[in-house]
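Colleague: Would you mind keeping the following structure in view while I ask a few things?
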Amino acid sequence: MPTSNTSENGSIDRLVQEAARYSNLPLRCLEEDLTSKLCGLFDPALRFAAASLRIPPSSPFTLDILQDCAHVCRSSMPHFDTAFQCTAQSWLSGIKQMSEHLEASRESLADYFSLNSEASISSFTSLTPESHYRGNCVRKLVWADGRRLIYKPGHRQSTDILLQLGKIINRQECTVRLDWLTRPLTRRDHAFERFLDISESECDHADTDLRLAEILAFSLFFRGCDLHHENFIVSTKGLILLDTESFFHPVKLRPAKQHANSQAEHFRQNGLFRTIIDIPCYEKQDISLTRQLLETRGYVPDADAITSHFQTTCAAILATRSALAGALRHACHNASGDRILTRATLRPTFFYGMLQQYAYSPGTLADIPPEAAFRKHLECTPLYGTTPASPAVVNEEVAALVRGDVPAFHACPDAVSLHSSNNLIDSDFFVESALHHIEMMLEEQPEQSIQDAMSHIKEHCSHREPCASRHLAIQKIG
């Protein structure tokens, strides 16, 4: 492959051409995808340059406009070009990785999703503004015959494990539906799913209550976290949890604030009630799941229905606890005997986003390298406000941010180690493994915890007050 050059005398369109030759993806989509990536990350600096070029604020950024603005940024911001090039190269790596995954799974995709293995992809769109996996992100893929799939990079085994646990429960004359889960085609470091259309009609309120109840019960027993509105949609098939990466989450070390083993506290932390039962006031989230449920669709949670099915689901889980514990221990390793990885959240994603806004602002790029700006704030900001960040964690965060990624950490469900996507960071990071915590929950018959959780559900269903914007929860970085 030719050496890519995104500097002033090379132009980023050469990089797009290389991506097209390597991937056989549509050139127009590649141009739009890279433009969107760079404009999203370097928005403050590029908007400053656009104003100096008298480009109207309403004008969409094309590849040509992007290059003109980048030229201005290079001349006025000494640290802009290196960061710009690094992000563009990382995007190219992500496109290449996705292309390799598609080629390796061509026959499997045809069998699993009834695709034509010879058909080409006519378009693709990135569905998330940030990448986590070396320039790679969640993308919608459209085939020439109109079939649509979602490509998800990263470790995605959690959904398969939850579906396996559901089958074990249902074998024992218990019933869980698990219709809030997708049915992915999962690989070691990526997965494919059918694209789900968002429903335009009013959701089925009774069905939504049952789905929420199961989600809460499985979250309680199987360490489900990160259950915020962006990970849900109301599809034509009902309420769907799109992202289960953060199930089987390890127990974080919180030396400054050790919480009791309260399930009500777990629900407060995992975000589900803050964003499904409460109405969020997030900026620029007009199409969030919660607004669809509570405002557009007129959804009002039925506390009795949710708590009743929640209690029934908890009983079904406990009735099969021995089989579930054995299946979980087995599921912690793949067919090759290697430990699987699930997401471990150390900081909220929006914190990294605010940090990127600061580091890529015109003033910062004119003053210090982004790497120094990232490190300065990461070293002095505790993980989730309580635990000082170790040098190894900060180094991994800085490396990810410099290449344009949002840092993503992982853990093994049966270990206390912390990992990046590719490397072991700390072999003794967490206070307790997810598997040990789950086994203790299943063994202890936690009737009081279930009752506490039900009381918490009823409280939130009856008091649906708007929550404060997450952007107001932390001080402005700068």
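Going through the structure tokens in order, the chains are called A, B, and so on, while each chain numbers its residues from 1 and the ligands are numbered from 1 in the order shown.
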If you count only C-alpha atoms, which residues fall within 12 Å of Leu102 (chain A), apart from same-chain ones fewer than 4 positions away, as a ChimeraX atom specification?
Modeller: /A:23-25,95-98,106-110,117,120-121,141,149-153,185,187,190-192
Colleague: Give me, as a PyMOL selection string, all polymer residues having an atom no more than 8 Å from Cys86 (chain A), counting only C-alpha atoms and skipping those fewer than 5 positions away in the same chain.
Modeller: chain A and resi 402-404
Colleague: Create the file for the chosen residues now, containing C-alpha atoms and written as an mmCIF file, in the first residue's frame.
Modeller:
data_model
loop_
_atom_site.group_PDB
_atom_site.id
_atom_site.type_symbol
_atom_site.label_atom_id
_atom_site.label_comp_id
_atom_site.auth_asym_id
_atom_site.auth_seq_id
_atom_site.Cartn_x
_atom_site.Cartn_y
_atom_site.Cartn_z
ATOM 1 C CA VAL A 402 -4.257 10.967 20.765
ATOM 2 C CA ARG A 403 -5.352 8.630 17.975
ATOM 3 C CA GLY A 404 -8.893 10.051 18.122
#
Colleague: So how many Å separate CA of Ser131 (chain A) and CA of Ala415 (chain A), to one decimal?
Modeller: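 CA of Ser131 (chain A) sits 26.2 Å away from CA of Ala415 (chain A).
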Colleague: Using only C-alpha atoms, which residues sit within 12 Å of Ala399 (chain A) once same-chain residues fewer than 2 positions away are excluded, as a list in words?
Modeller: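 Residues meeting the cut-off are Ala83, Cys86, Thr87, Ser90, His132, Tyr133, Arg134, Pro370, Glu371, Ala372, Phe374, Arg375, Leu378, Ala392, Val393, Val394, Asn395, Glu396, Glu397, Leu401, Val402, Arg403, Gly404, Asp405, Val406, Pro407, Ala408 and Ser420 of chain A.
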Colleague: Could you dump the residues just selected with C-alpha atoms as a tab-separated table (two decimals), in the first residue's frame?
Modeller:
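And here is the file that came out, selection_38.tsv:
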chain	number	residue	atom	x	y	z
A	83	ALA	CA	-3.12	15.48	15.90
A	86	CYS	CA	-2.89	10.85	13.68
A	87	THR	CA	-6.69	10.84	13.78
A	90	SER	CA	-6.45	5.92	12.83
A	132	HIS	CA	-13.34	3.18	20.75
A	133	TYR	CA	-11.31	0.61	18.84
A	134	ARG	CA	-8.33	2.13	17.01
A	370	PRO	CA	-3.03	17.58	22.84
A	371	GLU	CA	-1.13	14.78	24.58
A	372	ALA	CA	0.01	17.18	27.30
A	374	PHE	CA	-5.00	15.16	28.01
A	375	ARG	CA	-2.42	14.00	30.54
A	378	LEU	CA	-6.45	12.80	33.44
A	392	ALA	CA	-0.76	2.75	33.51
A	393	VAL	CA	-4.43	3.74	33.14
A	394	VAL	CA	-3.57	7.33	32.23
A	395	ASN	CA	-1.01	6.17	29.66
A	396	GLU	CA	-3.63	4.00	27.98
A	397	GLU	CA	-6.17	6.83	28.03
A	401	LEU	CA	-7.27	9.97	22.87
A	402	VAL	CA	-4.26	10.97	20.77
A	403	ARG	CA	-5.35	8.63	17.97
A	404	GLY	CA	-8.89	10.05	18.12
A	405	ASP	CA	-10.52	7.27	20.14
A	406	VAL	CA	-12.56	7.37	23.31
A	407	PRO	CA	-10.67	5.06	25.72
A	408	ALA	CA	-12.29	1.66	26.24
A	420	SER	CA	-7.29	-2.41	27.03
Colleague: Rank A:Arg156, A:Arg321, A:Arg74, A:Arg223 by their smallest atom-to-atom distance to His249 (chain A), using only C-alpha atoms, and report the top residue only.
Modeller: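 Ranked by minimum distance to His249 (chain A), first place goes to A:Arg223.
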Colleague: From a DSSP pass on the backbone, collect the residues of region 169-249 of chain A flagged as strand (DSSP E or B) and hand them back as an MDAnalysis selection string.
Modeller: chainID A and resid 185:186 190:194 198 232:235 238:241
Colleague: Mind listing the alpha helix (DSSP H) residues of region 15-61 of chain A, per DSSP on the backbone, as a ChimeraX atom specification?
Modeller: /A:15-23,27-41,43-52
Colleague: Could the residues in this selection be saved with N, CA and C atoms as an mmCIF file, in the first residue's frame?
Modeller:
data_model
loop_
_atom_site.group_PDB
_atom_site.id
_atom_site.type_symbol
_atom_site.label_atom_id
_atom_site.label_comp_id
_atom_site.auth_asym_id
_atom_site.auth_seq_id
_atom_site.Cartn_x
_atom_site.Cartn_y
_atom_site.Cartn_z
ATOM 1 N N LEU A 15 -5.718 9.794 1.332
ATOM 2 C CA LEU A 15 -6.033 8.768 2.329
ATOM 3 C C LEU A 15 -7.376 8.110 2.017
ATOM 4 N N VAL A 16 -8.345 8.903 1.572
ATOM 5 C CA VAL A 16 -9.643 8.356 1.185
ATOM 6 C C VAL A 16 -9.486 7.407 0.008
ATOM 7 N N GLN A 17 -8.647 7.781 -0.948
ATOM 8 C CA GLN A 17 -8.418 6.919 -2.110
ATOM 9 C C GLN A 17 -7.795 5.590 -1.681
ATOM 10 N N GLU A 18 -6.888 5.637 -0.719
ATOM 11 C CA GLU A 18 -6.288 4.393 -0.227
ATOM 12 C C GLU A 18 -7.335 3.524 0.459
ATOM 13 N N ALA A 19 -8.204 4.151 1.230
ATOM 14 C CA ALA A 19 -9.267 3.397 1.894
ATOM 15 C C ALA A 19 -10.183 2.737 0.861
ATOM 16 N N ALA A 20 -10.478 3.439 -0.221
ATOM 17 C CA ALA A 20 -11.347 2.887 -1.258
ATOM 18 C C ALA A 20 -10.684 1.703 -1.956
ATOM 19 N N ARG A 21 -9.390 1.810 -2.245
ATOM 20 C CA ARG A 21 -8.687 0.703 -2.909
ATOM 21 C C ARG A 21 -8.627 -0.521 -2.006
ATOM 22 N N TYR A 22 -8.437 -0.305 -0.723
ATOM 23 C CA TYR A 22 -8.281 -1.432 0.208
ATOM 24 C C TYR A 22 -9.614 -2.110 0.488
ATOM 25 N N SER A 23 -10.676 -1.325 0.607
ATOM 26 C CA SER A 23 -11.939 -1.850 1.134
ATOM 27 C C SER A 23 -13.005 -2.120 0.088
ATOM 28 N N LEU A 27 -16.679 5.341 -2.565
ATOM 29 C CA LEU A 27 -15.808 6.487 -2.321
ATOM 30 C C LEU A 27 -16.573 7.628 -1.648
ATOM 31 N N ARG A 28 -17.785 7.878 -2.105
ATOM 32 C CA ARG A 28 -18.569 8.962 -1.520
ATOM 33 C C ARG A 28 -18.782 8.753 -0.024
ATOM 34 N N CYS A 29 -19.097 7.519 0.373
ATOM 35 C CA CYS A 29 -19.321 7.227 1.796
ATOM 36 C C CYS A 29 -18.034 7.387 2.600
ATOM 37 N N LEU A 30 -16.923 6.980 2.021
ATOM 38 C CA LEU A 30 -15.641 7.133 2.712
ATOM 39 C C LEU A 30 -15.316 8.603 2.925
ATOM 40 N N GLU A 31 -15.540 9.426 1.904
ATOM 41 C CA GLU A 31 -15.293 10.861 2.045
ATOM 42 C C GLU A 31 -16.155 11.454 3.147
ATOM 43 N N GLU A 32 -17.435 11.097 3.141
ATOM 44 C CA GLU A 32 -18.350 11.632 4.147
ATOM 45 C C GLU A 32 -17.993 11.141 5.537
ATOM 46 N N ASP A 33 -17.565 9.893 5.633
ATOM 47 C CA ASP A 33 -17.252 9.315 6.944
ATOM 48 C C ASP A 33 -16.018 9.968 7.548
ATOM 49 N N LEU A 34 -14.969 10.136 6.748
ATOM 50 C CA LEU A 34 -13.756 10.767 7.264
ATOM 51 C C LEU A 34 -14.013 12.236 7.583
ATOM 52 N N THR A 35 -14.748 12.911 6.716
ATOM 53 C CA THR A 35 -15.068 14.317 6.983
ATOM 54 C C THR A 35 -15.835 14.450 8.291
ATOM 55 N N SER A 36 -16.813 13.577 8.494
ATOM 56 C CA SER A 36 -17.600 13.612 9.726
ATOM 57 C C SER A 36 -16.724 13.348 10.946
ATOM 58 N N LYS A 37 -15.827 12.388 10.828
ATOM 59 C CA LYS A 37 -14.937 12.049 11.943
ATOM 60 C C LYS A 37 -14.055 13.233 12.320
ATOM 61 N N LEU A 38 -13.399 13.828 11.333
ATOM 62 C CA LEU A 38 -12.465 14.916 11.610
ATOM 63 C C LEU A 38 -13.201 16.178 12.050
ATOM 64 N N CYS A 39 -14.345 16.464 11.424
ATOM 65 C CA CYS A 39 -15.098 17.648 11.820
ATOM 66 C C CYS A 39 -15.675 17.499 13.227
ATOM 67 N N GLY A 40 -16.081 16.284 13.571
ATOM 68 C CA GLY A 40 -16.608 16.076 14.908
ATOM 69 C C GLY A 40 -15.561 16.264 15.980
ATOM 70 N N LEU A 41 -14.355 15.759 15.732
ATOM 71 C CA LEU A 41 -13.307 15.815 16.745
ATOM 72 C C LEU A 41 -12.660 17.190 16.822
ATOM 73 N N ASP A 43 -13.911 20.095 15.748
ATOM 74 C CA ASP A 43 -14.926 21.112 15.481
ATOM 75 C C ASP A 43 -14.540 22.506 15.971
ATOM 76 N N PRO A 44 -14.066 22.695 17.216
ATOM 77 C CA PRO A 44 -13.755 24.064 17.661
ATOM 78 C C PRO A 44 -12.706 24.741 16.781
ATOM 79 N N ALA A 45 -11.631 24.015 16.450
ATOM 80 C CA ALA A 45 -10.571 24.603 15.636
ATOM 81 C C ALA A 45 -11.042 24.856 14.205
ATOM 82 N N LEU A 46 -11.771 23.906 13.626
ATOM 83 C CA LEU A 46 -12.211 24.046 12.238
ATOM 84 C C LEU A 46 -13.256 25.147 12.100
ATOM 85 N N ARG A 47 -14.121 25.312 13.082
ATOM 86 C CA ARG A 47 -15.101 26.398 13.039
ATOM 87 C C ARG A 47 -14.402 27.753 13.112
ATOM 88 N N PHE A 48 -13.350 27.826 13.915
ATOM 89 C CA PHE A 48 -12.558 29.052 14.002
ATOM 90 C C PHE A 48 -11.946 29.371 12.635
ATOM 91 N N ALA A 49 -11.412 28.349 11.975
ATOM 92 C CA ALA A 49 -10.808 28.549 10.661
ATOM 93 C C ALA A 49 -11.868 28.917 9.627
ATOM 94 N N ALA A 50 -13.038 28.274 9.702
ATOM 95 C CA ALA A 50 -14.103 28.564 8.751
ATOM 96 C C ALA A 50 -14.552 30.017 8.854
ATOM 97 N N ALA A 51 -14.608 30.535 10.069
ATOM 98 C CA ALA A 51 -14.992 31.938 10.252
ATOM 99 C C ALA A 51 -13.962 32.866 9.615
ATOM 100 N N SER A 52 -12.686 32.537 9.757
ATOM 101 C CA SER A 52 -11.642 33.381 9.166
ATOM 102 C C SER A 52 -11.677 33.331 7.639
#
